[in-house]
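Novice: Please find protein02.csv (CSV, C-alpha atoms and all ligand atoms) on the next line:
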chain,number,residue,atom,x,y,z
A,322,MET,CA,11.7,167.4,-34.0
A,323,SER,CA,15.5,167.8,-33.7
A,324,SER,CA,17.4,169.7,-36.4
A,325,HIS,CA,20.0,168.0,-38.6
A,326,ASN,CA,22.8,169.3,-36.5
A,327,THR,CA,24.8,166.3,-35.3
A,328,ASN,CA,27.7,168.1,-33.7
A,329,LYS,CA,27.2,167.2,-30.0
A,330,VAL,CA,26.9,163.5,-29.4
A,331,LEU,CA,26.3,161.5,-26.2
A,332,VAL,CA,27.8,158.0,-26.4
A,333,THR,CA,26.7,155.4,-23.8
A,334,GLY,CA,29.1,152.5,-23.3
A,335,VAL,CA,32.0,154.7,-24.6
A,336,ALA,CA,34.7,152.7,-22.9
A,337,GLY,CA,33.6,149.4,-24.5
A,338,PHE,CA,34.7,147.9,-27.8
A,339,LEU,CA,32.4,149.7,-30.2
A,340,GLY,CA,32.1,152.9,-28.0
A,341,SER,CA,35.8,153.5,-27.9
A,342,ASN,CA,36.3,153.0,-31.6
A,343,LEU,CA,33.4,155.3,-32.3
A,344,LEU,CA,34.8,157.9,-30.0
A,345,LYS,CA,37.9,158.1,-32.2
A,346,LYS,CA,35.9,158.5,-35.3
A,347,LEU,CA,33.7,161.3,-33.8
A,348,ILE,CA,36.7,163.2,-32.4
A,349,ASP,CA,38.6,162.9,-35.7
A,350,ASN,CA,35.5,164.4,-37.4
A,351,GLY,CA,35.3,167.4,-35.1
A,352,HIS,CA,32.3,166.3,-33.0
A,353,GLN,CA,31.9,167.2,-29.3
A,354,VAL,CA,31.4,164.0,-27.3
A,355,ILE,CA,30.1,163.2,-23.8
A,356,GLY,CA,30.7,159.6,-23.0
A,357,ILE,CA,29.1,157.5,-20.2
A,358,ASP,CA,30.3,154.1,-19.0
A,359,ASN,CA,30.1,152.3,-15.7
A,360,LEU,CA,33.3,150.4,-16.6
A,361,SER,CA,31.6,147.1,-15.8
A,362,MET,CA,32.8,145.6,-19.1
A,363,GLY,CA,34.7,148.5,-20.7
A,364,ARG,CA,38.2,149.6,-19.9
A,365,ILE,CA,39.4,153.1,-19.2
A,366,GLU,CA,42.6,152.2,-21.2
A,367,ASN,CA,40.3,152.1,-24.3
A,368,ILE,CA,39.6,155.8,-24.0
A,369,GLN,CA,42.8,157.0,-22.3
A,370,THR,CA,44.1,158.9,-25.3
A,371,TYR,CA,41.0,161.2,-25.2
A,372,LEU,CA,40.5,161.8,-21.5
A,373,ASP,CA,42.2,165.2,-21.8
A,374,HIS,CA,40.8,166.1,-25.2
A,375,PRO,CA,38.9,169.4,-25.2
A,376,ASN,CA,36.1,167.9,-27.2
A,377,PHE,CA,35.6,164.9,-24.9
A,378,ASN,CA,34.0,164.6,-21.5
A,379,PHE,CA,33.9,161.3,-19.7
A,380,ILE,CA,31.3,160.5,-17.0
A,381,GLU,CA,31.7,157.2,-15.0
A,382,ALA,CA,28.1,156.3,-14.2
A,383,ASP,CA,25.4,153.7,-14.6
A,384,ILE,CA,22.6,154.3,-17.1
A,385,VAL,CA,20.2,152.1,-15.2
A,386,ASP,CA,20.3,154.8,-12.4
A,387,PRO,CA,17.8,157.5,-13.5
A,388,GLY,CA,19.9,160.0,-11.6
A,389,THR,CA,22.8,159.6,-14.1
A,390,LEU,CA,20.8,161.4,-16.9
A,391,GLU,CA,19.0,163.8,-14.6
A,392,ASN,CA,22.4,165.1,-13.5
A,393,LEU,CA,23.7,165.7,-17.0
A,394,ASN,CA,24.2,169.4,-17.6
A,395,HIS,CA,24.2,169.1,-21.4
A,396,SER,CA,22.0,169.1,-24.4
A,397,PHE,CA,22.8,166.9,-27.3
A,398,ASP,CA,22.1,166.7,-31.0
A,399,VAL,CA,22.4,162.9,-31.1
A,400,ILE,CA,22.5,160.1,-28.5
A,401,THR,CA,24.3,156.9,-29.5
A,402,HIS,CA,23.2,154.2,-27.1
A,403,LEU,CA,25.7,151.4,-27.0
A,404,ALA,CA,25.8,150.5,-23.3
A,405,ALA,CA,24.2,147.0,-22.8
A,406,PHE,CA,24.9,143.7,-21.2
A,407,LYS,CA,25.5,141.2,-24.0
A,408,ILE,CA,24.6,137.6,-24.5
A,409,PRO,CA,24.0,135.5,-21.3
A,410,ARG,CA,25.5,132.4,-22.9
A,411,TYR,CA,24.8,130.2,-20.0
A,412,GLY,CA,23.6,132.5,-17.3
A,413,ASN,CA,23.4,136.2,-16.2
A,414,ALA,CA,20.0,136.6,-17.9
A,415,VAL,CA,18.8,139.0,-15.1
A,416,ASP,CA,21.6,141.5,-15.9
A,417,THR,CA,21.0,141.3,-19.6
A,418,LEU,CA,17.2,141.8,-19.2
A,419,THR,CA,17.5,144.6,-16.6
A,420,ILE,CA,20.2,146.7,-18.1
A,421,ASN,CA,19.0,146.4,-21.6
A,422,ALA,CA,15.3,147.2,-20.7
A,423,LYS,CA,15.7,149.8,-17.9
A,424,GLY,CA,18.9,151.4,-19.3
A,425,THR,CA,17.3,151.9,-22.7
A,426,GLU,CA,14.0,153.2,-21.3
A,427,ASN,CA,16.0,155.8,-19.3
A,428,ILE,CA,17.9,156.8,-22.5
A,429,LEU,CA,14.7,157.1,-24.6
A,430,ASP,CA,13.1,159.2,-21.8
A,431,TYR,CA,16.1,161.5,-22.0
A,432,ALA,CA,15.9,161.7,-25.8
A,433,LYS,CA,12.2,162.5,-25.5
A,434,GLU,CA,12.8,165.3,-23.1
A,435,ASN,CA,15.6,166.7,-25.2
A,436,GLN,CA,13.9,165.9,-28.5
A,437,CYS,CA,17.2,164.7,-29.9
A,438,LYS,CA,17.9,161.9,-32.4
A,439,CYS,CA,18.7,158.5,-30.8
A,440,VAL,CA,20.8,155.8,-32.5
A,441,LEU,CA,20.4,152.4,-30.7
A,442,ALA,CA,22.6,149.3,-30.8
A,443,SER,CA,20.6,146.2,-31.6
A,444,THR,CA,22.0,142.8,-32.7
A,445,SER,CA,21.9,140.2,-35.4
A,446,ASP,CA,20.8,137.8,-32.6
A,447,VAL,CA,17.2,139.2,-33.0
A,448,TYR,CA,16.9,137.2,-36.2
A,449,GLY,CA,17.3,134.1,-34.0
A,450,MET,CA,17.0,130.8,-35.9
A,451,SER,CA,15.2,132.4,-38.9
A,452,PRO,CA,15.8,130.2,-42.0
A,453,ASP,CA,15.4,133.3,-44.3
A,454,ILE,CA,19.1,133.7,-45.2
A,455,PRO,CA,20.3,136.4,-45.8
A,456,PHE,CA,18.4,138.2,-43.1
A,457,LYS,CA,16.5,141.3,-44.2
A,458,GLU,CA,15.5,144.1,-41.8
A,459,ASP,CA,11.8,143.6,-42.5
A,460,GLY,CA,12.0,139.8,-42.3
A,461,ASN,CA,10.8,137.6,-39.5
A,462,CYS,CA,12.6,137.0,-36.2
A,463,LEU,CA,12.5,133.4,-34.9
A,464,ILE,CA,13.2,133.3,-31.2
A,465,GLY,CA,13.5,129.9,-29.4
A,466,ASN,CA,12.2,128.5,-26.1
A,467,SER,CA,12.1,130.9,-23.1
A,468,GLN,CA,13.8,128.2,-21.0
A,469,VAL,CA,17.0,128.8,-23.0
A,470,PRO,CA,18.6,131.8,-21.3
A,471,ARG,CA,20.6,132.9,-24.4
A,472,TRP,CA,17.4,134.2,-26.0
A,473,ALA,CA,17.1,136.8,-23.2
A,474,TYR,CA,19.6,138.9,-25.1
A,475,ALA,CA,17.7,138.9,-28.4
A,476,VAL,CA,14.4,139.5,-26.6
A,477,SER,CA,15.8,142.4,-24.6
A,478,LYS,CA,17.1,144.0,-27.8
A,479,LEU,CA,13.7,143.3,-29.6
A,480,PHE,CA,12.0,145.0,-26.6
A,481,ASP,CA,14.5,148.0,-27.1
A,482,GLU,CA,13.6,148.2,-30.8
A,483,HIS,CA,9.9,148.2,-30.2
A,484,LEU,CA,10.2,150.7,-27.3
A,485,ALA,CA,12.3,153.0,-29.5
A,486,LEU,CA,9.9,152.9,-32.4
A,487,ALA,CA,6.9,153.4,-30.1
A,488,TYR,CA,8.6,156.5,-28.5
A,489,MET,CA,9.4,157.9,-32.0
A,490,GLU,CA,5.7,157.5,-33.0
A,491,ASP,CA,4.3,159.0,-29.8
A,492,TYR,CA,6.9,161.6,-28.9
A,493,GLY,CA,8.1,162.7,-32.3
A,494,PHE,CA,11.9,162.4,-32.1
A,495,PRO,CA,13.9,160.3,-34.6
A,496,VAL,CA,15.4,156.9,-33.7
A,497,VAL,CA,17.7,154.6,-35.8
A,498,LEU,CA,18.1,150.9,-35.0
A,499,LEU,CA,21.4,149.2,-35.9
A,500,ARG,CA,21.6,145.4,-35.9
A,501,PHE,CA,25.3,144.6,-35.7
A,502,PHE,CA,26.8,141.4,-37.0
A,503,GLY,CA,29.9,140.1,-35.1
A,504,SER,CA,32.2,143.0,-35.0
A,505,TYR,CA,35.9,142.4,-34.2
A,506,GLY,CA,39.2,144.3,-34.0
A,507,PRO,CA,41.3,146.4,-31.6
A,508,HIS,CA,39.8,147.0,-28.2
A,509,GLN,CA,37.7,143.8,-28.4
A,510,HIS,CA,37.3,142.1,-25.1
A,511,LEU,CA,39.8,139.4,-24.7
A,512,THR,CA,37.4,136.7,-23.4
A,513,TRP,CA,34.1,135.2,-24.8
A,514,TRP,CA,32.6,138.6,-24.3
A,515,GLY,CA,34.6,139.8,-27.3
A,516,GLY,CA,33.4,136.9,-29.5
A,517,PRO,CA,34.9,133.6,-30.7
A,518,GLN,CA,37.9,135.2,-32.5
A,519,SER,CA,39.1,136.7,-29.1
A,520,VAL,CA,39.1,133.2,-27.5
A,521,PHE,CA,40.7,131.5,-30.5
A,522,ILE,CA,43.5,134.0,-30.8
A,523,ASP,CA,44.1,133.8,-27.0
A,524,CYS,CA,44.3,130.0,-27.2
A,525,ILE,CA,46.7,130.1,-30.2
A,526,LEU,CA,49.0,132.6,-28.4
A,527,ARG,CA,49.1,130.4,-25.3
A,528,ASP,CA,49.5,127.3,-27.3
A,529,GLN,CA,46.3,125.8,-25.9
A,530,GLU,CA,43.5,123.8,-27.4
A,531,ILE,CA,40.8,125.9,-29.2
A,532,PRO,CA,37.4,125.1,-27.7
A,533,ILE,CA,34.6,125.1,-30.2
A,534,HIS,CA,31.0,124.7,-29.0
A,535,GLY,CA,29.0,122.2,-31.0
A,536,ASP,CA,30.5,120.7,-34.2
A,537,GLY,CA,31.9,124.0,-35.6
A,538,SER,CA,29.6,124.0,-38.6
A,539,GLN,CA,27.6,127.0,-37.4
A,540,THR,CA,28.4,130.0,-39.7
A,541,ARG,CA,28.8,133.7,-39.0
A,542,THR,CA,29.9,136.8,-40.8
A,543,PHE,CA,32.5,138.9,-39.0
A,544,THR,CA,32.8,142.6,-39.5
A,545,PHE,CA,36.0,144.6,-38.9
A,546,VAL,CA,35.4,147.3,-36.3
A,547,ASP,CA,36.3,150.2,-38.7
A,548,ASP,CA,33.4,149.1,-41.0
A,549,THR,CA,31.0,148.8,-38.1
A,550,VAL,CA,31.9,152.2,-36.8
A,551,GLU,CA,31.5,153.7,-40.3
A,552,GLY,CA,27.9,152.3,-40.3
A,553,ILE,CA,27.2,153.8,-36.9
A,554,TYR,CA,28.7,157.1,-38.0
A,555,GLN,CA,26.7,157.4,-41.2
A,556,SER,CA,23.5,156.6,-39.2
A,557,ILE,CA,24.4,159.5,-36.9
A,558,ILE,CA,25.0,162.1,-39.5
A,559,ARG,CA,22.4,161.1,-42.2
A,560,PRO,CA,18.9,162.4,-41.6
A,561,GLU,CA,17.6,159.8,-44.2
A,562,ALA,CA,18.6,157.1,-41.7
A,563,ASN,CA,15.9,158.3,-39.2
A,564,GLY,CA,13.1,155.9,-38.4
A,565,GLU,CA,14.9,152.9,-40.0
A,566,ILE,CA,16.4,149.6,-39.0
A,567,PHE,CA,19.8,148.6,-40.6
A,568,ASN,CA,21.9,145.5,-40.7
A,569,ILE,CA,25.5,146.5,-40.2
A,570,GLY,CA,27.8,143.7,-41.2
A,571,ALA,CA,30.0,142.1,-43.7
A,572,ASN,CA,28.8,139.4,-46.1
A,573,GLN,CA,31.5,136.8,-46.1
A,574,GLU,CA,30.1,133.7,-44.4
A,575,ILE,CA,32.5,131.3,-42.6
A,576,THR,CA,32.1,128.4,-40.3
A,577,ILE,CA,33.4,128.6,-36.8
A,578,LEU,CA,35.7,125.7,-37.5
A,579,GLU,CA,37.1,127.5,-40.6
A,580,LEU,CA,37.6,130.7,-38.5
A,581,ALA,CA,39.8,128.7,-36.0
A,582,GLN,CA,41.8,127.3,-38.9
A,583,LEU,CA,42.2,130.8,-40.5
A,584,LEU,CA,43.5,132.3,-37.3
A,585,LYS,CA,45.9,129.4,-36.8
A,586,ARG,CA,47.2,130.1,-40.3
A,587,ILE,CA,47.5,133.8,-39.6
A,588,SER,CA,49.5,133.1,-36.5
A,589,GLY,CA,52.3,131.6,-38.7
A,590,GLN,CA,52.6,128.6,-36.5
A,591,SER,CA,53.2,125.6,-38.7
A,592,ASN,CA,51.3,122.9,-36.8
A,593,GLU,CA,47.6,122.2,-37.3
A,594,ALA,CA,45.0,124.0,-35.2
A,595,ASN,CA,44.5,122.0,-32.0
A,596,ILE,CA,40.7,122.0,-31.8
A,597,LYS,CA,38.5,120.5,-29.1
A,598,LEU,CA,34.8,120.2,-30.0
A,599,ILE,CA,32.6,120.6,-26.9
A,600,PRO,CA,28.9,119.4,-27.0
A,601,TYR,CA,26.5,122.2,-26.0
A,602,ASP,CA,25.1,120.3,-23.0
A,603,ARG,CA,28.6,120.0,-21.5
A,604,ILE,CA,29.1,123.8,-21.5
A,605,SER,CA,25.6,124.9,-20.5
A,606,LYS,CA,25.8,123.1,-17.1
A,607,GLY,CA,22.3,121.6,-17.3
A,608,ARG,CA,20.7,124.7,-18.8
A,609,LYS,CA,19.1,124.4,-22.2
A,610,TYR,CA,21.0,125.9,-25.2
A,611,GLN,CA,20.1,126.6,-28.8
A,612,ASP,CA,22.6,127.9,-31.3
A,613,VAL,CA,22.1,129.9,-34.5
A,614,MET,CA,23.4,127.7,-37.3
A,615,ARG,CA,23.6,130.4,-40.0
A,616,ARG,CA,23.8,134.1,-39.6
A,617,VAL,CA,24.3,136.3,-42.7
A,618,PRO,CA,23.0,139.8,-43.3
A,619,ASP,CA,21.4,141.4,-46.4
A,620,THR,CA,23.0,144.8,-46.4
A,621,THR,CA,21.2,146.2,-49.4
A,622,LYS,CA,19.3,148.7,-47.3
A,623,ALA,CA,22.4,150.0,-45.5
A,624,SER,CA,24.2,150.3,-48.8
A,625,ASN,CA,21.3,152.3,-50.4
A,626,ILE,CA,20.5,154.6,-47.5
A,627,LEU,CA,23.8,154.9,-45.5
A,628,GLY,CA,26.3,154.2,-48.4
A,629,PHE,CA,27.6,151.4,-46.1
A,630,THR,CA,29.5,148.4,-47.4
A,631,ALA,CA,32.1,146.6,-45.3
A,632,LYS,CA,35.5,147.2,-46.9
A,633,VAL,CA,38.0,145.2,-44.8
A,634,GLY,CA,38.2,141.6,-45.9
A,635,LEU,CA,38.1,138.8,-43.4
A,636,GLU,CA,41.7,137.7,-43.7
A,637,GLU,CA,43.1,141.3,-43.6
A,638,GLY,CA,40.9,142.2,-40.6
A,639,MET,CA,41.7,139.1,-38.7
A,640,LYS,CA,45.5,139.7,-39.3
A,641,ARG,CA,45.2,143.2,-37.8
A,642,THR,CA,43.2,141.9,-34.9
A,643,PHE,CA,45.7,139.1,-34.2
A,644,GLU,CA,48.6,141.5,-34.1
A,645,TRP,CA,46.7,143.9,-31.8
A,646,GLN,CA,45.7,141.1,-29.4
A,647,LYS,CA,49.2,139.7,-29.5
A,648,SER,CA,50.5,143.1,-28.4
A,649,GLN,CA,47.9,143.1,-25.5
A,650,THR,CA,48.8,139.6,-24.4
A,651,LYS,CA,52.6,139.9,-24.7
A,652,GLU,CA,53.2,140.9,-21.1
A,653,ALA,CA,51.0,138.1,-19.7
A,654,LEU,CA,52.9,135.6,-21.8
A,655,GLN,CA,56.4,136.6,-20.6
B,701,LIG,N1,30.4,143.9,-30.7
B,701,LIG,C1,29.5,143.3,-31.5
B,701,LIG,O1,29.8,142.5,-32.4
B,701,LIG,C2,28.0,143.5,-31.2
B,701,LIG,C3,27.1,142.7,-31.9
B,701,LIG,C4,25.8,142.9,-31.7
B,701,LIG,C5,25.3,143.9,-30.9
B,701,LIG,N2,26.2,144.7,-30.2
B,701,LIG,C6,25.7,145.7,-29.3
B,701,LIG,O2,26.5,146.9,-29.5
B,701,LIG,C7,26.7,147.6,-28.3
B,701,LIG,C8,28.2,147.7,-27.9
B,701,LIG,O3,28.8,146.4,-27.9
B,701,LIG,P1,30.3,146.2,-27.5
B,701,LIG,O4,30.8,145.0,-28.3
B,701,LIG,O5,31.0,147.5,-27.7
B,701,LIG,O6,30.1,145.8,-26.0
B,701,LIG,P2,31.0,146.1,-24.7
B,701,LIG,O7,30.6,145.3,-23.6
B,701,LIG,O8,32.5,146.2,-25.1
B,701,LIG,O9,30.6,147.6,-24.5
B,701,LIG,C9,29.5,148.0,-23.7
B,701,LIG,C10,29.9,149.0,-22.7
B,701,LIG,O10,28.7,149.4,-21.9
B,701,LIG,C11,29.1,149.5,-20.6
B,701,LIG,N3,28.0,149.3,-19.7
B,701,LIG,C12,27.3,148.2,-19.5
B,701,LIG,N4,26.3,148.3,-18.7
B,701,LIG,C13,26.3,149.7,-18.4
B,701,LIG,C14,25.5,150.5,-17.5
B,701,LIG,N5,24.5,149.9,-16.9
B,701,LIG,N6,25.8,151.8,-17.4
B,701,LIG,C15,26.8,152.3,-18.1
B,701,LIG,N7,27.6,151.6,-18.9
B,701,LIG,C16,27.4,150.3,-19.0
B,701,LIG,C17,30.2,148.5,-20.4
B,701,LIG,O11,31.1,148.8,-19.3
B,701,LIG,C18,31.0,148.5,-21.7
B,701,LIG,O12,32.0,149.4,-21.7
B,701,LIG,C19,25.9,146.7,-27.2
B,701,LIG,O13,24.6,147.3,-27.1
B,701,LIG,C20,25.8,145.4,-27.9
B,701,LIG,O14,24.7,144.7,-27.4
B,701,LIG,C21,27.6,144.5,-30.4
Take the structure I supplied and represent it as structure tokens, if you would.
Specialist:
Amino acid sequence: MSSHNTNKVLVTGVAGFLGSNLLKKLIDNGHQVIGIDNLSMGRIENIQTYLDHPNFNFIEADIVDPGTLENLNHSFDVITHLAAFKIPRYGNAVDTLTINAKGTENILDYAKENQCKCVLASTSDVYGMSPDIPFKEDGNCLIGNSQVPRWAYAVSKLFDEHLALAYMEDYGFPVVLLRFFGSYGPHQHLTWWGGPQSVFIDCILRDQEIPIHGDGSQTRTFTFVDDTVEGIYQSIIRPEANGEIFNIGANQEITILELAQLLKRISGQSNEANIKLIPYDRISKGRKYQDVMRRVPDTTKASNILGFTAKVGLEEGMKRTFEWQKSQTKEALQ
């Protein structure tokens, strides 16, 4: 069993949204970090500031390739596994299933050999269409029809969760499973990949219609990235997190339609949000689609064991995110 030393951390997906924000937190707290990313969805700009830092080593490589980990000449205290392919909204299910299954298996094999703690990124999507609001970590997961490709993501992450817990039981190293609820903030991807707020901000900046899938009454809770990173960090450093599953999210529920209106207000533009409702069957190009109509976490467990509570309010976080995205988009708009 690994010791409680958490100084040396391997972060997969380090150039992505959460990975690059976590990197800053780890470096600021004196950790030594090795980061892996194949730059398929992440950007080198996200980690540029740290490329020459003495406590950071970046390796551009694919975690699905077993050679990537075999060639690592390091031992670690903790692996934080964030690399994944996210939701296949209307396609790409093969990438999602392959990267999330094979990549995670490779990481767990590596953690097994090194007997080090492994913190794994899961998702709120595993609760699927469960009616048990707010979602509790020991509650049921209600996944829809296999002919709906979007469930491939939830299923791949549920597979990861089960594999991690089975490895922990059979091979004796600790794992922590984190179910993130819609994180947003600086370094978020500027397309759908980054979440609805990315697209809505982009449309407002470009004075375009805001596309909303369905009727906009579906709800989410959005979590500012500093809060998400704090949840990850506490899971890394606290031994009492070992073996547990945690919801990492904020609790303020908002409909997608209200989110679009909030962002329009934040933009300072005086006109009404120009919203276009798009029926699901129009976007899914003939594929079946099912949405999650309410998604709210119960964060009691994260609060009790990790001392985690989201601190940044929705309006404040969205203001900061709007300003950041505006600065990123400025050149494109000139
Ligand atoms: N951001 C959220 O709100 C959210 C919500 C739920 C779950 N998650 C999970 O958290 C993790 C991080 O999410 P994110 O928002 O930072 O996503 P992201 O796409 O910004 O980051 C993932 C990173 O992994 C890299 N990557 C992908 N496949 C790889 C491979 N085969 N080898 C090496 N690198 C690879 C990408 O280039 C990217 O930089 C993911 O596992 C995701 O499923 C995130």
Novice: Tell me which protein, DNA and RNA residues are within 7 Å of Phe545 in chain A, counting all atoms listed in the file, leaving out same-chain ones fewer than 5 positions away, and put them as a ChimeraX atom specification.
Specialist: /A:504-506,633,638
Novice: Contacts of Arg608 in chain A at 12 Å or less, counting only C-alpha atoms, minus same-chain residues fewer than 3 places along, as a list in words?
Specialist: Pro409, Arg410, Tyr411, Gly412, Ala414, Asn466, Ser467, Gln468, Val469, Pro470, Arg471, Tyr601, Asp602, Arg603, Ile604, Ser605 and Gln611 of chain A
Novice: Would you name the residues within 7 Å of ligand LIG 701 (chain B), counting only C-alpha atoms and all ligand atoms, and put them as a ChimeraX atom specification?
Specialist: /A:333-340,357-364,382-385,403-407,420,424,442-445,500-505,509-510,515
Novice: Write to file, as a CSV table (one decimal), in the frame of the given file, the residues of the selection just made, with C-alpha atoms.
Specialist:
chain,number,residue,atom,x,y,z
A,333,THR,CA,26.7,155.4,-23.8
A,334,GLY,CA,29.1,152.5,-23.3
A,335,VAL,CA,32.0,154.7,-24.6
A,336,ALA,CA,34.7,152.7,-22.9
A,337,GLY,CA,33.6,149.4,-24.5
A,338,PHE,CA,34.7,147.9,-27.8
A,339,LEU,CA,32.4,149.7,-30.2
A,340,GLY,CA,32.1,152.9,-28.0
A,357,ILE,CA,29.1,157.5,-20.2
A,358,ASP,CA,30.3,154.1,-19.0
A,359,ASN,CA,30.1,152.3,-15.7
A,360,LEU,CA,33.3,150.4,-16.6
A,361,SER,CA,31.6,147.1,-15.8
A,362,MET,CA,32.8,145.6,-19.1
A,363,GLY,CA,34.7,148.5,-20.7
A,364,ARG,CA,38.2,149.6,-19.9
A,382,ALA,CA,28.1,156.3,-14.2
A,383,ASP,CA,25.4,153.7,-14.6
A,384,ILE,CA,22.6,154.3,-17.1
A,385,VAL,CA,20.2,152.1,-15.2
A,403,LEU,CA,25.7,151.4,-27.0
A,404,ALA,CA,25.8,150.5,-23.3
A,405,ALA,CA,24.2,147.0,-22.8
A,406,PHE,CA,24.9,143.7,-21.2
A,407,LYS,CA,25.5,141.2,-24.0
A,420,ILE,CA,20.2,146.7,-18.1
A,424,GLY,CA,18.9,151.4,-19.3
A,442,ALA,CA,22.6,149.3,-30.8
A,443,SER,CA,20.6,146.2,-31.6
A,444,THR,CA,22.0,142.8,-32.7
A,445,SER,CA,21.9,140.2,-35.4
A,500,ARG,CA,21.6,145.4,-35.9
A,501,PHE,CA,25.3,144.6,-35.7
A,502,PHE,CA,26.8,141.4,-37.0
A,503,GLY,CA,29.9,140.1,-35.1
A,504,SER,CA,32.2,143.0,-35.0
A,505,TYR,CA,35.9,142.4,-34.2
A,509,GLN,CA,37.7,143.8,-28.4
A,510,HIS,CA,37.3,142.1,-25.1
A,515,GLY,CA,34.6,139.8,-27.3
Novice: Skipping near chain neighbours, those fewer than 5 positions away, what residues fall within 9 Å of Ile355 in chain A using all atoms listed in the file, listed as a VMD selection string?
Specialist: chain A and resid 329 to 333 335 376 to 380 395 397
Novice: Just to confirm, what's the straight-line distance from CA of Ala473 in chain A to CA of Lys597 in chain A in Å (one decimal)?
Specialist: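 So the answer is 27.5 Å.
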Novice: Could you name the residues that touch Pro387 in chain A at 10 Å or less, counting only C-alpha atoms, but leaving out those on the same chain fewer than 4 positions away, as a PyMOL selection string?
Specialist: chain A and resi 383+391-392+423-424+426-428+430-431
Novice: A:Phe543, A:Tyr554, A:Phe456, A:Trp472: which is nearest Ile400 in chain A, counting all atoms listed in the file?
Specialist: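 Ranking A:Phe543, A:Tyr554, A:Phe456, A:Trp472 by distance to Ile400 in chain A, first place goes to A:Tyr554.
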Novice: So how far away is CA of Asn568 in chain A from CA of Lys457 in chain A, in Å?
Specialist: 7.7 Å
Novice: Which distance in Å separates CA of Thr370 in chain A and CA of Pro507 in chain A, to one decimal?
Specialist: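 Separation of CA of Thr370 in chain A and CA of Pro507 in chain A: 14.3 Å.
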Novice: With 9 Å as the cut-off and only C-alpha atoms counted, what is the closest atom pair between each nearby residue of range 494-575 of chain A and range 480-485 of chain A? Distances in Å to one decimal, ordered by chain and number, as CSV.
Specialist:
residue,atom,partner,partner_atom,distance
A:Val496,CA,A:Ala485,CA,6.5
A:Val497,CA,A:Ala485,CA,8.5
A:Leu498,CA,A:Glu482,CA,6.7
A:Ile566,CA,A:Glu482,CA,8.8
Novice: Which is closest to Leu578 in chain A among A:Glu593, A:Asp459, A:Asp349, A:Asp536, if we use all atoms listed in the file?
Specialist: A:Asp536
Novice: Go through A:Asp528, A:Asp446, A:Glu561, A:Asp373 and flag the residue nearest Met614 in chain A, using all atoms listed in the file for the distances.
Specialist: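 Going through A:Asp528, A:Asp446, A:Glu561, A:Asp373 one by one, the smallest distance to Met614 in chain A is for A:Asp446.
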Novice: Which is closest to Pro600 in chain A among A:Gly535, A:Pro618, A:Gly564, A:Gly570, if we use only C-alpha atoms?
Specialist: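 Closest to Pro600 in chain A, using only C-alpha atoms: A:Gly535.
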Novice: Asp523 in chain A: which residues within 10 Å, counting only C-alpha atoms, same-chain residues fewer than 6 positions away excluded, as a list in words?
Specialist: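 These residues fall inside the cut-off: Leu511, Thr512, Pro517, Gln529, Ile531, Phe643, Gln646, Lys647 and Thr650 of chain A.
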Novice: Hey, can you pull every residue with an atom no more than 6 Å from (31.6, 126.1, -25.5), using only C-alpha atoms, and send it as a PyMOL selection string?
Specialist: chain A and resi 533-534+599+604
Novice: Pick out the closest residue to Leu463 in chain A from this set: A:Leu343, A:Val613, A:Cys439, A:Ile408. Count all atoms listed in the file.
Specialist: A:Val613
Novice: Pull range 325-338 of chain A out of the block and emit C-alpha atoms, as a compact mmCIF listing (two decimals), in the first residue's frame.
Specialist:
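Now in result.txt:
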# COMPACT_ATOMS: atom_id res chain seq x y z
CA HIS A 325 0.60 9.16 2.49
CA ASN A 326 3.32 11.06 0.68
CA THR A 327 1.65 12.97 -2.16
CA ASN A 328 4.55 15.04 -3.40
CA LYS A 329 5.08 13.54 -6.85
CA VAL A 330 1.98 13.52 -9.04
CA LEU A 331 1.35 12.21 -12.56
CA VAL A 332 -1.47 14.11 -14.28
CA THR A 333 -2.93 12.67 -17.49
CA GLY A 334 -4.81 15.13 -19.70
CA VAL A 335 -2.65 17.93 -18.26
CA ALA A 336 -3.12 20.28 -21.24
CA GLY A 337 -6.91 20.08 -21.03
CA PHE A 338 -9.30 22.30 -19.12
